Amino acid sequence: MSRSERITMPNRKGSAFLQALLAVGVVGIMLYFLSPQVLKHRQQVTKTSSIITARLALHSMVDFTLFGIKQRWCFSESWMPEPCGSSVPPTMAQILNHPRSVERLLMKNETVLFLKAMGIGSADSVPLNSIKQRISLKSFSAMHPVYKIVADLKGYKVEAIDVVIERDRRGVVPEYGNELYLKVTVSLLDGSGHVIEVGSSKLTTVSYLGVYPREVGSFALLVAGDMRLDLSTATGPGKGDAVVRQFPSRAEQIKYPGLIFESPVYTNGTVHLPKAPDLKADKEEADTVYTPVTFKDKVILGSGPVMRDNKEFRPRSSGDEGDQFWAHIRQFGGFQKGVEVDGGRDLGLDYLSGYATGSPTGDPSLMERCIGYNLAKYDLNRTAESELRGQLLKENGSKYQYRLGMTDKNRFNPQTGQVDAPSMTRSGWFGEVLKDWKLDKKDGAVAHYTMNIGRMVVSGEIPDNGTVTLVPEINLKQLKDKIERQLVDAESQLLFEQSRLKDIEKQLSRAEDDLADLQKELATAESKKPVDQPKVSSLKNQIDFVEERIRTLRKQREDQNLKIADAQNRVDDLQKQKAAVAAKEGIQPKIYISVKKTVDPNDSKGNTNATFRDLEVSFDHPELILSSNGDPLDMSLQLEAYDVSYYNGNSLRTWSQAQKGNNKGWLFFKRNGGTGISVSQNISDAIGNSKGVLPDDDPFTNYDLACLTNGSGSSAFGGTDWTRSFAPNAKHSWSFTNKYEDRTNYIFDANNAYRAASGGGTATFVIKSMARDCVVKSTANFVTGFFACERLVIESRSTPLRIIGTFILSNGLSIAPDAYTAGIRWSTIYHPMATFELRQAGVLKALDSQDCSSIARYPIWHPYPAMKEVANLYRCNAISLRSKADPFRWTSVDPDCGLVPNSNSTMCKNRLVRFYVLEVSRESGI
């Protein structure tokens, strides 16, 4: 560039400065206009963070509360666990009076009745319907497990947390046993005590729970010591240890099924996992040691923890691939539903194994339930909620036998004085009345009855071991006139149908003649030469029409013959009815109602249980129980049982208690036409709802005599304070099928534990306690039952083994190496497939050893199930197997019942100590 060009070129430095100023101005203007959006976005981020923190706080408090429910805490005012009383351990009275005791919240009516039987006068007020607590954040302890999350709440002025645990009373939630349903509500409150709202949502979380007793029988295996998965020997080093053998090569063992637990397993101590190589070796799937066992359901530890290489288990990385879940551990099949820890050992298992020792016990001699029986006999509060129930036992023609029973150990109480004779309180619509009656016994009324025969009502009293006979007056003249009118109509209808047949036959004859004429005319036309084709075609069409007409008329004739046959049958039937009514004129139907004591026909002493009675209702000529115009009359029988509260036919209960009508029940007799009657299968309420099954007691046990024999002060199976421990007597308490001293080995083989491939076999459900070694031979392939064994030995085998049941092992487990190769599948009777397999093997059978697959499967909500059908449904269900194994229904091996020191009486605590807590749903406002 020349000098002159440089001189004439403008200076660009000032221009660049102006451009920079302009850019800064534009950016400043942009920031000015964008700053509200930036601030708004920042506020939204802060608000979202606050919502997330609030959500975490709510759900953390719910989770913490659920844990406390599972552990049966007594909550403090700051919602931490606190001692339920000043004593160590707290007394039953202290637990039952703590205002925030979870045990009181979970208490069922069965426990209340047991407390009553123990003489606790305030037992009705013990169960809690809810626990409510408001926790101020100002006093929230920094030691609280959820303090860190609650302390970080920002964006909301949270002053307090409301926690409510209450029983779920919704009608859609059914309760059939010891289960209980709860509702847990956690809310964040402002300074005025109101629930904080975010938009239209409240800062509240609601959780619905199912709480179920964790019965011993819900475990496939209970181990008294540690579960060792890290040993290649058959026995563990500690008392009660169970060893599942470790093999040197995973690549070799993974090809075979191994041992599979399909139901929960309980280990009193810890679980020792196989030693693992480094993470890199697992990622490269290098060969490693392997213990062929898979836990498909929960593993619950008493004291815990899970150990590996004699140290508390820790993942080798912080969530690296292949090191995230229990199922990723390659050295065994994994805990596929996780591990839970109770936080304390089961002392019953410790005493069974010898890990702990205690003083010996004596032999029981008083096993009757006399205390509860006598209390119910003399204390009206004991039977305030007692109900009359009944079931159909037998049906023979028009005779129906029911068994009646009073719940809560109530009893039938025959009255003194003369029995009230039958009296008609209302006649029928058409003048039906009671013609006659009879009583074969004049005193000792045991129940009042009201018999409805159509609209006619008859009432009176039934004597104990006596019969009431009712003779309703039936006038058959109107019925006879009705049948005669129907007969005239039927005969007229028969004549009409016969005349109709004659008309059809005449038409058919004419059509056949026409057809013959047309056929002749067609033959003539076809013979002429030349042939007149139009005429031939016309004749053929006419012939087709007439032939179709003939076919139609023949079909009409056939149908008309059927109508004539029906009309003739109707005439014949009415003539028979007329003759039958004429033959029965002067015959009156009768109804018999009797109540008798329950007596075992095989017992010459005639023992009977006052809680039960047998009711028989029978009919003579039920087909004649008709209205005056001949319509069958439905009937119902209302019973009012005279129980311990009745004197001279009047109840001593309060008016409000008597109005409940618990001691009343109804039977309904629906007419099906003729002699057919559909009867109630159970005693029901006034609208036909069944009042339930009979009391679970022996109807032939004479408790008056039994209790007199054992002394009126018998305390056999009475209640005792919850602080009493029966753990030192565990060996005695669990020896309920044989004495502990008489225990022997129990052998499973082809004679008692075999299932054929096509179904059936020799397998039986065995309840055995105590036994030394329970030995599974190679010929056994289907082991079922409840067992308390010192040791389970599974011998060498080449075929798969199926175990359905519960084993309590106090001295270990020994499994032959090739048994893992053959495969062992183990579950409880509650596993979804167990019932099917038990039926297939013939372990579950209906009455008379009938195959469960062949019984009538009426739905459980069927209104009137027959007693046999109910029995079959029960016997074909796995739950029936528990009937003679009450200790396996305890919630711990630590006994609920045992001998009291210096006494020969067995006492029970009737206390549920362990639970499964299942969260059904969780709803949150945010």
# chains A, B, ... in the order shown; residues from 1 in each chain; ligands from 1

call {"tool": "residues_around", "arguments": {"residues": "A:Asn452", "least_positions_apart": "5", "cutoff": "8 Å", "atoms": "only C-alpha atoms", "output": "list in words"}}
result
Val457, Val458, Met635, Ser636 and Leu637 of chain A

call {"tool": "residues_around", "arguments": {"residues": "A:Lys578", "least_positions_apart": "5", "cutoff": "12 Å", "atoms": "only C-alpha atoms", "output": "mmCIF file with N, CA and C atoms, in the first residue's frame"}}
result
data_model
loop_
_atom_site.group_PDB
_atom_site.id
_atom_site.type_symbol
_atom_site.label_atom_id
_atom_site.label_comp_id
_atom_site.auth_asym_id
_atom_site.auth_seq_id
_atom_site.Cartn_x
_atom_site.Cartn_y
_atom_site.Cartn_z
ATOM 1 N N LEU A 476 -108.985 -78.300 50.928
ATOM 2 C CA LEU A 476 -108.621 -78.607 49.552
ATOM 3 C C LEU A 476 -109.739 -78.347 48.551
ATOM 4 N N LYS A 477 -110.890 -77.821 49.029
ATOM 5 C CA LYS A 477 -112.002 -77.625 48.093
ATOM 6 C C LYS A 477 -111.633 -76.625 47.003
ATOM 7 N N GLN A 478 -111.029 -75.515 47.384
ATOM 8 C CA GLN A 478 -110.658 -74.526 46.384
ATOM 9 C C GLN A 478 -109.626 -75.089 45.410
ATOM 10 N N LEU A 479 -108.715 -75.910 45.934
ATOM 11 C CA LEU A 479 -107.725 -76.524 45.054
ATOM 12 C C LEU A 479 -108.405 -77.475 44.077
ATOM 13 N N LYS A 480 -109.363 -78.245 44.610
ATOM 14 C CA LYS A 480 -110.072 -79.192 43.742
ATOM 15 C C LYS A 480 -110.838 -78.436 42.659
ATOM 16 N N ASP A 481 -111.523 -77.356 43.023
ATOM 17 C CA ASP A 481 -112.246 -76.551 42.041
ATOM 18 C C ASP A 481 -111.292 -75.957 41.013
ATOM 19 N N LYS A 482 -110.137 -75.525 41.473
ATOM 20 C CA LYS A 482 -109.146 -74.938 40.573
ATOM 21 C C LYS A 482 -108.676 -75.977 39.552
ATOM 22 N N ILE A 483 -108.418 -77.210 40.033
ATOM 23 C CA ILE A 483 -107.961 -78.265 39.128
ATOM 24 C C ILE A 483 -109.055 -78.611 38.121
ATOM 25 N N GLU A 484 -110.330 -78.654 38.581
ATOM 26 C CA GLU A 484 -111.432 -78.959 37.666
ATOM 27 C C GLU A 484 -111.567 -77.899 36.582
ATOM 28 N N ARG A 485 -111.392 -76.626 36.953
ATOM 29 C CA ARG A 485 -111.453 -75.568 35.942
ATOM 30 C C ARG A 485 -110.298 -75.723 34.943
ATOM 31 N N GLN A 486 -109.130 -76.048 35.467
ATOM 32 C CA GLN A 486 -107.985 -76.240 34.571
ATOM 33 C C GLN A 486 -108.196 -77.450 33.674
ATOM 34 N N LEU A 487 -108.878 -78.484 34.200
ATOM 35 C CA LEU A 487 -109.134 -79.696 33.415
ATOM 36 C C LEU A 487 -110.095 -79.401 32.270
ATOM 37 N N VAL A 488 -111.140 -78.611 32.552
ATOM 38 C CA VAL A 488 -112.086 -78.234 31.485
ATOM 39 C C VAL A 488 -111.360 -77.471 30.388
ATOM 40 N N VAL A 571 -104.114 -83.017 30.027
ATOM 41 C CA VAL A 571 -105.399 -83.546 30.518
ATOM 42 C C VAL A 571 -105.153 -84.704 31.484
ATOM 43 N N ASP A 572 -104.243 -85.622 31.091
ATOM 44 C CA ASP A 572 -103.956 -86.782 31.951
ATOM 45 C C ASP A 572 -103.388 -86.337 33.286
ATOM 46 N N ASP A 573 -102.476 -85.352 33.244
ATOM 47 C CA ASP A 573 -101.838 -84.878 34.471
ATOM 48 C C ASP A 573 -102.865 -84.243 35.400
ATOM 49 N N ALA A 583 -108.204 -88.253 46.722
ATOM 50 C CA ALA A 583 -107.741 -89.329 47.610
ATOM 51 C C ALA A 583 -107.219 -88.772 48.933
ATOM 52 N N LYS A 584 -106.719 -87.503 48.917
ATOM 53 C CA LYS A 584 -106.108 -86.939 50.121
ATOM 54 C C LYS A 584 -107.038 -86.013 50.875
ATOM 55 N N GLU A 585 -108.262 -85.900 50.435
ATOM 56 C CA GLU A 585 -109.213 -85.089 51.187
ATOM 57 C C GLU A 585 -109.367 -85.681 52.585
#

call {"tool": "select_by_dssp", "arguments": {"residues": "stretch 539-785 of chain A", "states": "strand (DSSP E)", "output": "VMD selection string"}}
result
chain A and resid 590 to 596 612 to 620 635 to 641 646 to 647 650 to 651 664 to 671 677 to 679 718 to 719 746 to 748 766 to 776 782 to 785

call {"tool": "closest_residue", "arguments": {"among": "A:Ser207, A:Ser218, A:Asn811, A:Thr598", "to": "A:Pro237", "atoms": "only C-alpha atoms"}}
result
A:Asn811

call {"tool": "closest_residue", "arguments": {"among": "A:Ser678, A:Gln556, A:Ser924, A:Asn609", "to": "A:Gly405", "atoms": "only C-alpha atoms"}}
result
A:Asn609

call {"tool": "residues_around", "arguments": {"residues": "stretch 493-506 of chain A", "least_positions_apart": "2", "cutoff": "6 Å", "atoms": "only C-alpha atoms", "output": "PDB file with all heavy atoms, in the first residue's frame"}}
result
ATOM      1  N   ALA A 490    -108.210 -77.634  29.668  1.00  0.00           N
ATOM      2  CA  ALA A 490    -107.272 -78.533  28.987  1.00  0.00           C
ATOM      3  C   ALA A 490    -108.005 -79.437  28.000  1.00  0.00           C
ATOM      4  O   ALA A 490    -107.512 -79.704  26.893  1.00  0.00           O
ATOM      5  CB  ALA A 490    -106.516 -79.373  30.013  1.00  0.00           C
ATOM      6  N   GLU A 491    -109.195 -79.932  28.383  1.00  0.00           N
ATOM      7  CA  GLU A 491    -109.961 -80.793  27.477  1.00  0.00           C
ATOM      8  C   GLU A 491    -110.443 -80.007  26.255  1.00  0.00           C
ATOM      9  O   GLU A 491    -110.450 -80.507  25.128  1.00  0.00           O
ATOM     10  CB  GLU A 491    -111.140 -81.400  28.223  1.00  0.00           C
ATOM     11  CG  GLU A 491    -110.717 -82.456  29.245  1.00  0.00           C
ATOM     12  CD  GLU A 491    -111.880 -82.929  30.109  1.00  0.00           C
ATOM     13  OE1 GLU A 491    -112.885 -82.187  30.201  1.00  0.00           O
ATOM     14  OE2 GLU A 491    -111.770 -84.027  30.711  1.00  0.00           O
ATOM     15  N   LEU A 508    -104.216 -81.651   3.089  1.00  0.00           N
ATOM     16  CA  LEU A 508    -103.166 -82.513   2.565  1.00  0.00           C
ATOM     17  C   LEU A 508    -103.731 -83.482   1.530  1.00  0.00           C
ATOM     18  O   LEU A 508    -103.128 -83.741   0.475  1.00  0.00           O
ATOM     19  CB  LEU A 508    -102.510 -83.281   3.717  1.00  0.00           C
ATOM     20  CG  LEU A 508    -101.388 -84.253   3.343  1.00  0.00           C
ATOM     21  CD1 LEU A 508    -100.249 -83.512   2.623  1.00  0.00           C
ATOM     22  CD2 LEU A 508    -100.868 -84.968   4.580  1.00  0.00           C
ATOM     23  N   SER A 509    -104.935 -84.035   1.802  1.00  0.00           N
ATOM     24  CA  SER A 509    -105.558 -84.974   0.853  1.00  0.00           C
ATOM     25  C   SER A 509    -105.845 -84.286  -0.478  1.00  0.00           C
ATOM     26  O   SER A 509    -105.603 -84.843  -1.556  1.00  0.00           O
ATOM     27  CB  SER A 509    -106.839 -85.542   1.464  1.00  0.00           C
ATOM     28  OG  SER A 509    -107.495 -86.406   0.552  1.00  0.00           O
ATOM     29  N   ILE A 564    -101.131 -82.158  20.079  1.00  0.00           N
ATOM     30  CA  ILE A 564    -102.207 -83.007  20.612  1.00  0.00           C
ATOM     31  C   ILE A 564    -101.667 -83.881  21.743  1.00  0.00           C
ATOM     32  O   ILE A 564    -102.329 -84.067  22.785  1.00  0.00           O
ATOM     33  CB  ILE A 564    -102.814 -83.871  19.490  1.00  0.00           C
ATOM     34  CG1 ILE A 564    -103.593 -82.978  18.519  1.00  0.00           C
ATOM     35  CG2 ILE A 564    -103.707 -84.971  20.046  1.00  0.00           C
ATOM     36  CD1 ILE A 564    -104.099 -83.699  17.291  1.00  0.00           C
ATOM     37  N   ALA A 567    -101.283 -81.692  24.765  1.00  0.00           N
ATOM     38  CA  ALA A 567    -102.610 -81.406  25.336  1.00  0.00           C
ATOM     39  C   ALA A 567    -103.168 -82.628  26.055  1.00  0.00           C
ATOM     40  O   ALA A 567    -103.783 -82.516  27.121  1.00  0.00           O
ATOM     41  CB  ALA A 567    -103.559 -80.949  24.229  1.00  0.00           C
TER      42      ALA A 567
END

call {"tool": "closest_residue", "arguments": {"among": "A:Arg875, A:Arg245, A:His98, A:Arg167", "to": "A:Thr821", "atoms": "only C-alpha atoms"}}
result
A:Arg245

call {"tool": "closest_residue", "arguments": {"among": "A:Cys852, A:Gly338, A:Ala763, A:Ser769", "to": "A:Ser735", "atoms": "only C-alpha atoms"}}
result
A:Ser769
